[in-house]
Amino acid sequence: MIRLRWLAAASLSLLLLAGCSAPTVPPEQAAGCVPGAGDAPTTGVPFSYATNVEIAGGDGYRVLTVRQPYPGGALQSVVLLGCEQDDPVLPAELTDAPVLRTPVAGIFAYSTTQLPMITELDVLDRLTGVGSLDLISDPAVRAHVESGAAVEFGRNFAIDAERVVAEDPPVLLTGGEDDPALPALAAAGIPAVGWADYLETGPLGQAEWIKVMGALTGRDAEAAAAFDGIEQRYTELAARVRGAEPTPIVAGQPYQGSWPVAAGDSTAGILFRDAGASWSGERAQSTGRLPQTLESVLAEDGDARIWLADGPWRTTADIAATDPRLTSIAAAGPDGQVWTRDRFLGPTGGNQIYERGVLHPDEILADLVAILHPELLPGHEFVYYRQVPTG
């Protein structure tokens, strides 16, 4: 999974020695942006929930700043400039920052969380690279890639520097990791934006990264409108649940010898709480998952009659095959309910909840409310959650 940094640099050197160059593009697209787009906005973009990203206005340009492009990573700044604008005079702190001409004509998107933002803003035609087709569930995106309009550049869970340099995309959006290929891409002059939406605390903070996609693609207004709709639907539904009696749940399932339980301030924990759930982890003021023993979860949450698991379980018989002790959970019994988050999977296993669900926490919340308080959403059609049938 992890390749040595010198291998990526060596791949770049070999490409240059071999005389490899970027694909031929029309002169009007030489800057890597959409021709005839005019001047790009120079005002800042307001964020209400996202705290790991900022887009500030400048003197004829904007600055996109990702405070932590990967866990422990240093702050990253990217200068956003219009296609036809002259190079600006930058302050000293931005002299080494990459300059990205917008709106971009092509996007290499490593993470599946970026894809629904691209389709929501109606710029699928600008998607020219994806990390791995196998992880994609959206039929339209899969058809786009399979048509040859986009290439794969991260099938082995790492960026293929040689492939990226050969394709020479206007911008690459990372998966929020310190990939060994990034120095080679920087040396080749390919801007890479550290896409770390998953480091946000809370589902609306993650979804608000659509405004970053809007800034890159010249769809600022559309991105703001899309997020406003998501926020409104989410907050209205959460408000409707607020007066309901919390429903006890079992959260998660055992994994590699422990049971990670969502903490109260994690993204999953906020979704559970807003949906009107109660569970042992909600009292923990943490943004991650709490490693618990199976015995402790059984003792604290085992009487709950609703289990929000991860799966994949075809029937409840698979629960006993995972660990016979799990059958003592009330939710696994005849009067309980077990739900998993794999209702919609792509043909090669990509899960829609890790794709569309990141942009649409309003839909995830609706699924959860329909499970925990079905009287509030009668006739709800589930998008991400599936009840595991008795078997």
# chains A, B, ... in the order shown; residues from 1 in each chain; ligands from 1
>>> residues_around(residues="A:Leu185", least_positions_apart="3", cutoff="10 Å", atoms="only C-alpha atoms", output="list of chain:residue names")
A:Ala8, A:Ala9, A:Leu12, A:Ile159, A:Asp160, A:Ala161, A:Glu162, A:Val164, A:Val165, A:Asp168, A:Leu172, A:Pro180, A:Ala181, A:Leu182, A:Ala188, A:Gly189, A:Ile190, A:Pro191, A:Ala192
>>> write_last_selection(atoms="all heavy atoms", output="short mmCIF file (atom, residue, chain, number, x, y, z; two decimals), in the first residue's frame")
data_model
loop_
_atom_site.label_atom_id
_atom_site.label_comp_id
_atom_site.auth_asym_id
_atom_site.auth_seq_id
_atom_site.Cartn_x
_atom_site.Cartn_y
_atom_site.Cartn_z
N ALA A 8 8.56 7.20 -6.40
CA ALA A 8 7.72 8.15 -7.12
C ALA A 8 8.58 9.17 -7.86
O ALA A 8 8.34 9.50 -9.02
CB ALA A 8 6.77 8.86 -6.15
N ALA A 9 9.63 9.67 -7.17
CA ALA A 9 10.52 10.64 -7.80
C ALA A 9 11.27 9.99 -8.97
O ALA A 9 11.48 10.62 -10.02
CB ALA A 9 11.50 11.19 -6.77
N LEU A 12 9.11 9.80 -12.04
CA LEU A 12 9.05 11.09 -12.72
C LEU A 12 10.31 11.32 -13.55
O LEU A 12 10.25 11.77 -14.70
CB LEU A 12 8.87 12.21 -11.69
CG LEU A 12 8.93 13.64 -12.25
CD1 LEU A 12 7.87 13.84 -13.31
CD2 LEU A 12 8.79 14.63 -11.11
N ILE A 159 -1.19 6.93 -4.98
CA ILE A 159 -1.19 7.66 -6.24
C ILE A 159 -0.09 7.13 -7.16
O ILE A 159 1.06 6.98 -6.74
CB ILE A 159 -0.99 9.17 -5.98
CG1 ILE A 159 -2.19 9.73 -5.20
CG2 ILE A 159 -0.81 9.93 -7.29
CD1 ILE A 159 -1.99 11.16 -4.73
N ASP A 160 -0.45 6.83 -8.39
CA ASP A 160 0.51 6.39 -9.39
C ASP A 160 1.12 7.65 -10.03
O ASP A 160 0.53 8.25 -10.95
CB ASP A 160 -0.20 5.54 -10.44
CG ASP A 160 0.75 4.95 -11.49
OD1 ASP A 160 1.87 5.49 -11.64
OD2 ASP A 160 0.37 3.98 -12.15
N ALA A 161 2.29 8.07 -9.54
CA ALA A 161 2.89 9.32 -10.00
C ALA A 161 3.17 9.30 -11.49
O ALA A 161 2.97 10.30 -12.20
CB ALA A 161 4.19 9.58 -9.22
N GLU A 162 3.62 8.17 -12.00
CA GLU A 162 3.95 8.09 -13.42
C GLU A 162 2.71 8.32 -14.28
O GLU A 162 2.75 9.06 -15.27
CB GLU A 162 4.55 6.71 -13.71
CG GLU A 162 5.03 6.53 -15.14
CD GLU A 162 5.75 5.22 -15.34
OE1 GLU A 162 6.19 4.62 -14.34
OE2 GLU A 162 5.87 4.79 -16.51
N VAL A 164 -0.07 9.94 -13.42
CA VAL A 164 -0.56 11.30 -13.25
C VAL A 164 0.29 12.28 -14.06
O VAL A 164 -0.24 13.15 -14.76
CB VAL A 164 -0.58 11.70 -11.76
CG1 VAL A 164 -0.98 13.16 -11.60
CG2 VAL A 164 -1.53 10.81 -10.96
N VAL A 165 1.60 12.14 -13.99
CA VAL A 165 2.47 13.06 -14.73
C VAL A 165 2.24 12.90 -16.23
O VAL A 165 2.24 13.89 -16.99
CB VAL A 165 3.94 12.81 -14.36
CG1 VAL A 165 4.87 13.61 -15.27
CG2 VAL A 165 4.19 13.18 -12.91
N ASP A 168 -1.02 14.72 -16.92
CA ASP A 168 -0.87 16.15 -16.66
C ASP A 168 -2.20 16.85 -16.39
O ASP A 168 -2.60 17.78 -17.10
CB ASP A 168 -0.17 16.81 -17.85
CG ASP A 168 0.29 18.24 -17.53
OD1 ASP A 168 0.53 18.52 -16.33
OD2 ASP A 168 0.39 19.06 -18.45
N LEU A 172 -5.12 17.79 -8.95
CA LEU A 172 -5.39 16.49 -8.34
C LEU A 172 -5.91 16.73 -6.92
O LEU A 172 -5.30 17.49 -6.15
CB LEU A 172 -4.14 15.62 -8.31
CG LEU A 172 -4.30 14.20 -7.73
CD1 LEU A 172 -3.38 13.22 -8.46
CD2 LEU A 172 -3.99 14.15 -6.24
N PRO A 180 3.27 9.24 -0.86
CA PRO A 180 4.67 9.38 -1.29
C PRO A 180 4.82 10.01 -2.66
O PRO A 180 5.91 10.50 -3.00
CB PRO A 180 5.19 7.94 -1.28
CG PRO A 180 4.28 7.19 -0.38
CD PRO A 180 2.94 7.84 -0.51
N ALA A 181 3.78 10.02 -3.48
CA ALA A 181 3.89 10.56 -4.83
C ALA A 181 3.79 12.08 -4.87
O ALA A 181 4.14 12.69 -5.89
CB ALA A 181 2.80 9.96 -5.72
N LEU A 182 3.34 12.72 -3.81
CA LEU A 182 3.06 14.15 -3.85
C LEU A 182 4.29 15.01 -4.19
O LEU A 182 4.16 15.96 -4.97
CB LEU A 182 2.43 14.61 -2.53
CG LEU A 182 1.02 14.03 -2.25
CD1 LEU A 182 0.51 14.49 -0.90
CD2 LEU A 182 0.05 14.43 -3.36
N ALA A 188 6.63 18.23 -10.88
CA ALA A 188 6.13 18.27 -12.26
C ALA A 188 5.18 19.43 -12.48
O ALA A 188 4.68 19.61 -13.60
CB ALA A 188 5.43 16.96 -12.59
N GLY A 189 4.90 20.23 -11.45
CA GLY A 189 4.03 21.38 -11.59
C GLY A 189 2.56 21.07 -11.59
O GLY A 189 1.75 21.85 -12.10
N ILE A 190 2.19 19.92 -11.03
CA ILE A 190 0.78 19.53 -10.97
C ILE A 190 0.24 19.90 -9.59
O ILE A 190 0.65 19.32 -8.58
CB ILE A 190 0.61 18.02 -11.22
CG1 ILE A 190 1.10 17.68 -12.63
CG2 ILE A 190 -0.85 17.60 -11.04
CD1 ILE A 190 1.14 16.20 -12.92
N PRO A 191 -0.68 20.85 -9.49
CA PRO A 191 -1.21 21.23 -8.18
C PRO A 191 -2.01 20.08 -7.56
O PRO A 191 -2.82 19.43 -8.23
CB PRO A 191 -2.13 22.41 -8.50
CG PRO A 191 -1.72 22.88 -9.85
CD PRO A 191 -1.22 21.68 -10.58
N ALA A 192 -1.77 19.84 -6.28
CA ALA A 192 -2.52 18.82 -5.54
C ALA A 192 -3.14 19.49 -4.33
O ALA A 192 -2.44 20.12 -3.52
CB ALA A 192 -1.60 17.68 -5.11
#
>>> closest_atom_pairs(of="stretch 136-179 of chain A", to="stretch 335-349 of chain A", cutoff="12 Å", atoms="only C-alpha atoms", output="tab-separated table")
residue	atom	partner	partner_atom	distance
A:Ile136	CA	A:Gly346	CA	6.5
A:Ser137	CA	A:Gly346	CA	4.0
A:Asp138	CA	A:Gly346	CA	7.0
A:Pro139	CA	A:Gly346	CA	7.7
A:Ala140	CA	A:Gly346	CA	11.3
A:Val141	CA	A:Gly346	CA	11.0
A:Arg142	CA	A:Gly346	CA	9.1
A:Ala143	CA	A:Gly346	CA	11.9
>>> residues_around(residues="stretch 314-327 of chain A", least_positions_apart="6", cutoff="8 Å", atoms="only C-alpha atoms", output="list of chain:residue names")
A:Gly333, A:Val338, A:Val388, A:Pro389, A:Thr390, A:Gly391
>>> closest_residue(among="A:Gln85, A:Thr113, A:Thr43, A:Ser328", to="A:Ile210", atoms="only C-alpha atoms")
A:Thr113
>>> select_by_dssp(residues="stretch 236-390 of chain A", states="helix (DSSP H, G or I)", output="number ranges by chain")
A: 236-241, 267-274, 280-283, 294-301, 317-322, 324-328, 330-332, 352-354, 356-359, 361-372, 374-376
>>> closest_residue(among="A:Gly357, A:Pro254, A:Gly175, A:Pro98", to="A:Ala207", atoms="only C-alpha atoms")
A:Gly357
>>> closest_residue(among="A:Val241, A:Ala150, A:Val45, A:Leu204", to="A:Val63", atoms="only C-alpha atoms")
A:Val45
>>> closest_residue(among="A:Arg289, A:Arg240, A:Arg67, A:Arg305", to="A:Val369", atoms="only C-alpha atoms")
A:Arg240
>>> closest_residue(among="A:Gly148, A:Glu54, A:Leu298, A:Thr217", to="A:Ala37", atoms="only C-alpha atoms")
A:Thr217
>>> closest_residue(among="A:Gly32, A:Glu84, A:Gly44, A:Pro183", to="A:Arg126", atoms="only C-alpha atoms")
A:Gly32
>>> residues_around(residues="A:Leu199", least_positions_apart="6", cutoff="12 Å", atoms="only C-alpha atoms", output="list in words")
Ala50, Thr51, Asn52, Val53, Val66, Arg67, Gln68, Pro69, Tyr70, Pro71, Gly72, Gly73, Gly175, Gly176, Glu177, Gly205, Gln206, Ala207, Trp209, Ser266, Thr267, Thr287 and Gly288 of chain A
>>> write_last_selection(atoms="C-alpha atoms", output="compact mmCIF listing (two decimals), in the first residue's frame")
# COMPACT_ATOMS: atom_id res chain seq x y z
CA ALA A 50 -16.27 23.22 8.09
CA THR A 51 -13.23 24.32 10.10
CA ASN A 52 -10.40 22.53 8.29
CA VAL A 53 -10.69 24.64 5.16
CA VAL A 66 -6.43 23.48 4.15
CA ARG A 67 -5.32 23.66 7.75
CA GLN A 68 -4.56 19.95 8.01
CA PRO A 69 -4.37 18.25 4.59
CA TYR A 70 -3.73 14.92 6.33
CA PRO A 71 -3.44 13.93 10.00
CA GLY A 72 -0.51 15.88 11.41
CA GLY A 73 0.22 17.59 8.10
CA GLY A 175 -7.50 11.35 -0.40
CA GLY A 176 -6.39 13.21 2.71
CA GLU A 177 -3.17 11.23 3.15
CA GLY A 205 -18.86 20.11 8.13
CA GLN A 206 -17.94 17.33 5.74
CA ALA A 207 -20.76 18.14 3.33
CA TRP A 209 -16.64 20.90 1.26
CA SER A 266 -17.79 12.07 16.31
CA THR A 267 -19.55 12.44 12.97
CA THR A 287 -14.43 12.97 17.94
CA GLY A 288 -13.36 9.42 17.14
